[in-house]
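Contents: one structure, followed by commentary.
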Amino acid sequence: MVDKGLFCGMNKPKDLAKMNDMEREHHPVIECPDVIQPEEPFHVTIRIGGTVHPMDVAHHIQWVDIYFGQNFNARIQLTPVFTRPEVTVTLVKGKKHGTSTLRVIGRCNVHGQWEATKEIAIGG
């Protein structure tokens, strides 16, 4: 993680293979196919943290945003205590690109915004 305040910009682990406890707890985990077919729905599951992130009133994930590249696709609002930081959405991607970057941002009320990306190939 960059040496800056947690609420200054986007947080990302320095090294995915050697994450510290805070990075493991906040880094979004993206589960979806590596290859999709254009214009066919597919499921994306997003979990905040490799270890389960708390959802207490004092420390919780407020929302999860989903983008393909810079294009906004969805925001899922979460409520502490009554939800868990794991969501599944169904997306559809057009056929104009051979690959696209799925980008997920989760926001912790205590530790700021955390981003993860995954390259997805679009079959044709």
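Labels for the structure tokens follow display order: chains A, B, ..., residues from 1 in each chain, ligands from 1.
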Skipping near chain neighbours, those fewer than 4 positions away, what residues fall within 12 Å of segment 32-42 of chain A using only C-alpha atoms, listed as a PyMOL selection string?
-> chain A and resi 46-47+88-102+117-124
Residues as selected, N, CA and C atoms, written as a PDB file, in the first residue's frame, can you do that?
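Written output follows (selection.pdb):
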ATOM      1  N   ILE A  46     -18.346 -10.990  -5.827  1.00  0.00           N
ATOM      2  CA  ILE A  46     -17.330 -10.130  -5.226  1.00  0.00           C
ATOM      3  C   ILE A  46     -17.419 -10.298  -3.718  1.00  0.00           C
ATOM      4  N   ARG A  47     -16.279 -10.573  -3.137  1.00  0.00           N
ATOM      5  CA  ARG A  47     -16.177 -10.692  -1.681  1.00  0.00           C
ATOM      6  C   ARG A  47     -15.116  -9.697  -1.237  1.00  0.00           C
ATOM      7  N   THR A  88     -23.295 -11.070  -5.549  1.00  0.00           N
ATOM      8  CA  THR A  88     -23.239 -11.676  -6.872  1.00  0.00           C
ATOM      9  C   THR A  88     -24.154 -10.882  -7.791  1.00  0.00           C
ATOM     10  N   VAL A  89     -23.615 -10.482  -8.919  1.00  0.00           N
ATOM     11  CA  VAL A  89     -24.396  -9.740  -9.915  1.00  0.00           C
ATOM     12  C   VAL A  89     -24.291 -10.457 -11.254  1.00  0.00           C
ATOM     13  N   THR A  90     -25.263 -10.209 -12.101  1.00  0.00           N
ATOM     14  CA  THR A  90     -25.249 -10.749 -13.458  1.00  0.00           C
ATOM     15  C   THR A  90     -24.961  -9.601 -14.410  1.00  0.00           C
ATOM     16  N   LEU A  91     -23.907  -9.743 -15.201  1.00  0.00           N
ATOM     17  CA  LEU A  91     -23.506  -8.708 -16.145  1.00  0.00           C
ATOM     18  C   LEU A  91     -23.579  -9.237 -17.572  1.00  0.00           C
ATOM     19  N   VAL A  92     -23.593  -8.321 -18.511  1.00  0.00           N
ATOM     20  CA  VAL A  92     -23.556  -8.649 -19.935  1.00  0.00           C
ATOM     21  C   VAL A  92     -22.546  -7.701 -20.573  1.00  0.00           C
ATOM     22  N   LYS A  93     -21.683  -8.245 -21.425  1.00  0.00           N
ATOM     23  CA  LYS A  93     -20.688  -7.416 -22.105  1.00  0.00           C
ATOM     24  C   LYS A  93     -20.901  -7.525 -23.601  1.00  0.00           C
ATOM     25  N   GLY A  94     -20.806  -6.402 -24.294  1.00  0.00           N
ATOM     26  CA  GLY A  94     -20.969  -6.380 -25.743  1.00  0.00           C
ATOM     27  C   GLY A  94     -19.792  -7.013 -26.462  1.00  0.00           C
ATOM     28  N   LYS A  95     -19.853  -7.034 -27.788  1.00  0.00           N
ATOM     29  CA  LYS A  95     -18.842  -7.737 -28.568  1.00  0.00           C
ATOM     30  C   LYS A  95     -17.825  -6.828 -29.237  1.00  0.00           C
ATOM     31  N   LYS A  96     -17.732  -5.583 -28.847  1.00  0.00           N
ATOM     32  CA  LYS A  96     -16.829  -4.657 -29.510  1.00  0.00           C
ATOM     33  C   LYS A  96     -15.372  -4.788 -29.080  1.00  0.00           C
ATOM     34  N   HIS A  97     -15.099  -5.509 -27.996  1.00  0.00           N
ATOM     35  CA  HIS A  97     -13.735  -5.614 -27.476  1.00  0.00           C
ATOM     36  C   HIS A  97     -13.335  -7.086 -27.352  1.00  0.00           C
ATOM     37  N   GLY A  98     -12.044  -7.352 -27.528  1.00  0.00           N
ATOM     38  CA  GLY A  98     -11.533  -8.707 -27.347  1.00  0.00           C
ATOM     39  C   GLY A  98     -11.267  -9.025 -25.895  1.00  0.00           C
ATOM     40  N   THR A  99     -10.909  -7.993 -25.116  1.00  0.00           N
ATOM     41  CA  THR A  99     -10.724  -8.146 -23.672  1.00  0.00           C
ATOM     42  C   THR A  99     -11.270  -6.898 -23.002  1.00  0.00           C
ATOM     43  N   SER A 100     -11.537  -7.030 -21.724  1.00  0.00           N
ATOM     44  CA  SER A 100     -11.999  -5.892 -20.958  1.00  0.00           C
ATOM     45  C   SER A 100     -11.557  -6.074 -19.515  1.00  0.00           C
ATOM     46  N   THR A 101     -11.347  -4.979 -18.820  1.00  0.00           N
ATOM     47  CA  THR A 101     -10.923  -5.031 -17.425  1.00  0.00           C
ATOM     48  C   THR A 101     -12.126  -4.817 -16.520  1.00  0.00           C
ATOM     49  N   LEU A 102     -12.441  -5.826 -15.722  1.00  0.00           N
ATOM     50  CA  LEU A 102     -13.471  -5.700 -14.695  1.00  0.00           C
ATOM     51  C   LEU A 102     -12.798  -5.046 -13.495  1.00  0.00           C
ATOM     52  N   THR A 117      -8.826  -5.564  -9.853  1.00  0.00           N
ATOM     53  CA  THR A 117      -9.171  -5.682 -11.271  1.00  0.00           C
ATOM     54  C   THR A 117      -8.967  -7.121 -11.740  1.00  0.00           C
ATOM     55  N   LYS A 118      -9.662  -7.457 -12.820  1.00  0.00           N
ATOM     56  CA  LYS A 118      -9.490  -8.762 -13.451  1.00  0.00           C
ATOM     57  C   LYS A 118      -9.712  -8.582 -14.943  1.00  0.00           C
ATOM     58  N   GLU A 119      -8.765  -9.085 -15.743  1.00  0.00           N
ATOM     59  CA  GLU A 119      -8.904  -9.065 -17.190  1.00  0.00           C
ATOM     60  C   GLU A 119      -9.807 -10.207 -17.613  1.00  0.00           C
ATOM     61  N   ILE A 120     -10.773  -9.895 -18.472  1.00  0.00           N
ATOM     62  CA  ILE A 120     -11.707 -10.901 -18.972  1.00  0.00           C
ATOM     63  C   ILE A 120     -11.638 -10.884 -20.500  1.00  0.00           C
ATOM     64  N   ALA A 121     -11.460 -12.071 -21.076  1.00  0.00           N
ATOM     65  CA  ALA A 121     -11.462 -12.193 -22.534  1.00  0.00           C
ATOM     66  C   ALA A 121     -12.903 -12.336 -23.015  1.00  0.00           C
ATOM     67  N   ILE A 122     -13.189 -11.685 -24.126  1.00  0.00           N
ATOM     68  CA  ILE A 122     -14.538 -11.738 -24.691  1.00  0.00           C
ATOM     69  C   ILE A 122     -14.458 -12.532 -25.991  1.00  0.00           C
ATOM     70  N   GLY A 123     -15.058 -13.726 -25.953  1.00  0.00           N
ATOM     71  CA  GLY A 123     -15.027 -14.614 -27.127  1.00  0.00           C
ATOM     72  C   GLY A 123     -15.883 -14.065 -28.245  1.00  0.00           C
ATOM     73  N   GLY A 124     -15.747 -14.638 -29.368  1.00  0.00           N
ATOM     74  CA  GLY A 124     -16.510 -14.098 -30.466  1.00  0.00           C
ATOM     75  C   GLY A 124     -16.929 -15.152 -31.401  1.00  0.00           C
TER      76      GLY A 124
END
Which neighbours of Leu78 of chain A fall inside 10 Å, counting only C-alpha atoms, when residues of the same chain fewer than 5 positions from it are skipped, and could you give them as a list in words?
->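 With the cut-off at 10 Å, the set is Met55, His60, Ile61, Gln62, Trp63, Val64, Thr83, Arg84, Pro85, Glu86 and Val87 of chain A.
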Selection to disk with C-alpha atoms, as a PDB file, in the first residue's frame:
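See part-v3.pdb below for the written result:
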ATOM      1  CA  MET A  55     -19.797  -5.710   9.270  1.00  0.00           C
ATOM      2  CA  HIS A  60     -18.014  -2.102   7.828  1.00  0.00           C
ATOM      3  CA  ILE A  61     -18.096  -2.046   4.038  1.00  0.00           C
ATOM      4  CA  GLN A  62     -20.488   0.688   2.893  1.00  0.00           C
ATOM      5  CA  TRP A  63     -20.735  -0.137  -0.808  1.00  0.00           C
ATOM      6  CA  VAL A  64     -19.247  -2.023  -3.740  1.00  0.00           C
ATOM      7  CA  THR A  83     -25.446  -7.861   5.453  1.00  0.00           C
ATOM      8  CA  ARG A  84     -22.166  -9.534   4.568  1.00  0.00           C
ATOM      9  CA  PRO A  85     -19.599  -8.050   2.157  1.00  0.00           C
ATOM     10  CA  GLU A  86     -20.263 -10.626  -0.566  1.00  0.00           C
ATOM     11  CA  VAL A  87     -22.429  -9.934  -3.605  1.00  0.00           C
TER      12      VAL A  87
END
Residue with smallest distance to His59 of chain A - pool A:Lys12, A:Arg107, A:Lys18, A:His43, counting only C-alpha atoms =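 Once distances to His59 of chain A are computed over only C-alpha atoms, the minimum belongs to A:Arg107.
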Among chain A, which residues carry a DSSP assignment of strand (DSSP E), reported as an NGL selection string?
-> :A and (10-11 or 28-31 or 35-36 or 42-48 or 61-68 or 71-77 or 86-91 or 99-108 or 112-122)
List every residue of chain A that DSSP, applied to the backbone, labels as helix (DSSP H, G or I), and write the result as a list of chain:residue names.
->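 DSSP on the backbone gives helix (DSSP H, G or I) at A:Leu16, A:Ala17, A:Lys18, A:Asp21, A:Met22, A:Glu23, A:Arg24, A:Glu25, A:His26.
Taking atom CA of His53 of chain A and atom CA of Ala74 of chain A as the two end points, the separation is 20.7 Å.
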Go through A:Val44, A:Val52, A:Ala58, A:Ile30 and flag the residue nearest Val81 of chain A, using only C-alpha atoms for the distances.
->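 Going through A:Val44, A:Val52, A:Ala58, A:Ile30 one by one, the smallest distance to Val81 of chain A is for A:Ala58.
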Near Met22 of chain A, counting only C-alpha atoms, which residues have an atom at most 10 Å away, once you skip same-chain residues fewer than 4 positions from it, shown as a list in words?
-> Met1, Pro13, His26, His27, Gly49, Thr51, His53 and His111 of chain A
Take the selection from the previous step and output its residues with C-alpha atoms, as a compact mmCIF listing (two decimals), in the first residue's frame.
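Once written, selection-v9.txt looks like this:
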# COMPACT_ATOMS: atom_id res chain seq x y z
CA MET A 1 0.00 0.00 0.00
CA PRO A 13 -1.89 -4.04 -1.98
CA HIS A 26 -10.02 -5.06 2.47
CA HIS A 27 -8.85 -6.15 -0.99
CA GLY A 49 -11.33 -9.50 1.76
CA THR A 51 -10.56 -13.00 5.26
CA HIS A 53 -14.39 -8.21 6.59
CA HIS A 111 -10.07 2.31 5.88
